[in-house]
Amino acid sequence: MRALRFSVLLGVAVAAMGVVAGGAAASPGTPHASDVVGHVYVNDNTAPVNSIAGFDRHPDASQGSLQLSADGRYLLAVDAGSNQISVLRIKPDGALQAVEGSPVASGGVAPVSIGVHDDLVYVGNAGPGSSLGDTNYTGFRLNAGGQLRPIPDSTYVLPNDSKPGQVLFNGDGTRVAGTRIATSLIDSFTVGQDGRLTAAPGSPYDAQAFSPAQGWGQLGSEFNPTNPDELFVSDAHTAAGGAAFPGLVSSLTDAADGTLTPVGAPVANDGGAACWIEISHDGSFLFVVNTASASISSYSIGTGGTLTFLQSTAPGQIGAGAEDARLSPDGSTLWVVESGSNAVSGFTVDGGTLTPLTGAAGPSGASPSGIVVT
């Protein structure tokens, strides 16, 4: 990937940084053989001040903690270290500018995930804090100017030992789901006209294939973009000592009242610690990042949300600590952030087949997680 890199220090200022492309430095004036068609943004998780890194995306190149607003004008990022959410305006050239009044308090401790639908925003606060209520889902409204305003009485409190992993809306914004990693439960809600959540009958639901001998639990999840009633959830279980169980993905139907029903048994792949999920824009294929085995597994999605494992990428095609993954707007490229190797890798997408592209390195000290592609 040939890319122009720039970063924003969250809650502080816009900062010019060096450019990294395929491991080689470049200057802001470096010419490209092709036009910029979009951008890749990565949550760097740098300390002591968090930063967002941006890359220009060219046509010959190319879950969770970072999200675009519905109109594509703003980037929302969790700042787990300061218990805040930042909102950044995306300028015409792809550069980022902090919105007035940003960052804002997340409504809890250690926010890890953001869900967005129209002007509704929900954040998952992982905690645990010093008191009950620090671990929760909290709602906000995003106005036209990019300011976040808390929704009164929108906080749904979770037990402090829950360790929520992701919160997300379905495609029509009528339902919200959340995963609890530590206790392997799935929360399901309906969304009211006032933006508040109502827990579905029986929520939270026991996740599939969990046993006390396994650590971690359900992590990544995504609704089918072509069917708001189909939810897919990964299983990131590991054995004692860190050995990986086979990667698993569960398919569930989400009824109008939020009731979740499994679609058969979870489907295994040949990787380990299945984490983040991305689904093709036509709803036909699912890709899951297996962090422990540093691979990506492809599935086909059939009638009613049934899953069939297809194949996985070869060893070494993504680096250590692979986490969140996002498709480009046209669905032709899948981007993956790698916290362990501090890089971003890209793959061309042909149905369920992935072919690696050249990756881009990140700044020293970064541990990238969330990713957004425009």
# chains A, B, ... in the order shown; residues from 1 in each chain; ligands from 1
>>> residues_around(residues="A:Gly304", least_positions_apart="4", cutoff="10 Å", atoms="only C-alpha atoms", output="list in words")
Asn227, Asp229, Glu230, Ser251, Leu252, Thr253 and Val263 of chain A
>>> select_by_dssp(residues="stretch 46-291 of chain A", states="strand (DSSP E or B)", output="VMD selection string")
chain A and resid 51 to 57 66 to 68 74 to 79 84 to 90 96 to 98 104 to 105 111 to 117 120 to 125 136 to 142 148 to 150 156 to 157 164 to 169 175 to 180 185 to 191 197 to 199 205 to 206 215 218 to 224 227 to 235 238 244 246 to 254 260 to 262 267 to 272 274 to 279 285 to 290
>>> residues_around(residues="A:Leu158", least_positions_apart="2", cutoff="9 Å", atoms="only C-alpha atoms", output="PyMOL selection string")
chain A and resi 132-137+156+160-164
>>> write_last_selection(atoms="C-alpha atoms", output="PDB file, in the first residue's frame")
ATOM      1  CA  LEU A 132     -21.060  -0.466  40.218  1.00  0.00           C
ATOM      2  CA  GLY A 133     -22.088   1.394  37.065  1.00  0.00           C
ATOM      3  CA  ASP A 134     -18.602   1.987  35.683  1.00  0.00           C
ATOM      4  CA  THR A 135     -19.115  -1.010  33.339  1.00  0.00           C
ATOM      5  CA  ASN A 136     -22.030  -0.257  31.024  1.00  0.00           C
ATOM      6  CA  TYR A 137     -23.539   0.694  27.689  1.00  0.00           C
ATOM      7  CA  TYR A 156     -27.486   0.093  30.974  1.00  0.00           C
ATOM      8  CA  ASN A 160     -18.110  -5.229  36.792  1.00  0.00           C
ATOM      9  CA  ASP A 161     -16.717  -8.623  35.761  1.00  0.00           C
ATOM     10  CA  SER A 162     -18.420  -8.582  32.320  1.00  0.00           C
ATOM     11  CA  LYS A 163     -15.617  -7.114  30.195  1.00  0.00           C
ATOM     12  CA  PRO A 164     -17.826  -6.003  27.276  1.00  0.00           C
TER      13      PRO A 164
END
>>> residues_around(residues="A:Ala144", least_positions_apart="6", cutoff="10 Å", atoms="only C-alpha atoms", output="number ranges by chain")
A: 71, 73-74, 119
>>> write_last_selection(atoms="C-alpha atoms", output="mmCIF file, in the first residue's frame")
data_model
loop_
_atom_site.group_PDB
_atom_site.id
_atom_site.type_symbol
_atom_site.label_atom_id
_atom_site.label_comp_id
_atom_site.auth_asym_id
_atom_site.auth_seq_id
_atom_site.Cartn_x
_atom_site.Cartn_y
_atom_site.Cartn_z
ATOM 1 C CA ASP A 71 -23.070 10.806 6.967
ATOM 2 C CA ARG A 73 -18.359 13.510 8.067
ATOM 3 C CA TYR A 74 -17.064 12.524 11.501
ATOM 4 C CA ASP A 119 -27.583 10.270 15.089
#
>>> closest_residue(among="A:Ala126, A:Val87, A:Ala265, A:Val344", to="A:Ala182", atoms="only C-alpha atoms")
A:Ala126
>>> residues_around(residues="A:Leu148", least_positions_apart="6", cutoff="8 Å", atoms="only C-alpha atoms", output="count of residues only")
5
>>> atom_distance(atom1="atom CA of A:Ile114", atom2="atom CA of A:Leu75")
10.8 Å
>>> residues_around(residues="A:Pro228", least_positions_apart="5", cutoff="7 Å", atoms="only C-alpha atoms", output="ChimeraX atom specification")
/A:170-172,223
>>> write_last_selection(atoms="C-alpha atoms", output="mmCIF file, in the first residue's frame")
data_model
loop_
_atom_site.group_PDB
_atom_site.id
_atom_site.type_symbol
_atom_site.label_atom_id
_atom_site.label_comp_id
_atom_site.auth_asym_id
_atom_site.auth_seq_id
_atom_site.Cartn_x
_atom_site.Cartn_y
_atom_site.Cartn_z
ATOM 1 C CA ASN A 170 -28.411 -3.715 13.330
ATOM 2 C CA GLY A 171 -28.917 -2.234 9.871
ATOM 3 C CA ASP A 172 -32.243 -0.507 10.499
ATOM 4 C CA PHE A 223 -25.220 -7.933 11.758
#
>>> atom_distance(atom1="atom CA of A:Gly192", atom2="atom CA of A:Pro329")
29.3 Å
>>> closest_atom_pairs(of="stretch 168-264 of chain A", to="stretch 282-291 of chain A", cutoff="6 Å", atoms="only C-alpha atoms", output="tab-separated table")
residue	atom	partner	partner_atom	distance
A:Asn224	CA	A:Gly283	CA	5.8
A:Pro225	CA	A:Gly283	CA	5.9
A:Thr226	CA	A:Gly283	CA	5.5
>>> closest_residue(among="A:Gly178, A:Pro246, A:Gly101, A:Gly165", to="A:Gly146", atoms="only C-alpha atoms")
A:Gly101
>>> atom_distance(atom1="atom CA of A:Ser188", atom2="atom CA of A:Pro201")
8.7 Å
>>> closest_residue(among="A:Ser328, A:Ser312, A:Thr174, A:Thr303", to="A:Asp254", atoms="only C-alpha atoms")
A:Thr174
>>> residues_around(residues="A:Leu88", least_positions_apart="5", cutoff="7 Å", atoms="only C-alpha atoms", output="NGL selection string")
:A and (74-76 or 96-99)
>>> write_last_selection(atoms="C-alpha atoms", output="JSON list (two decimals), in the first residue's frame")
[["chain", "number", "residue", "atom", "x", "y", "z"],
["A", 74, "TYR", "CA", -17.06, 12.52, 11.50],
["A", 75, "LEU", "CA", -14.81, 9.89, 13.04],
["A", 76, "LEU", "CA", -15.66, 8.71, 16.56],
["A", 96, "LEU", "CA", -8.69, 15.11, 10.72],
["A", 97, "GLN", "CA", -9.68, 18.05, 12.92],
["A", 98, "ALA", "CA", -10.94, 17.86, 16.49],
["A", 99, "VAL", "CA", -14.58, 18.98, 16.84]]
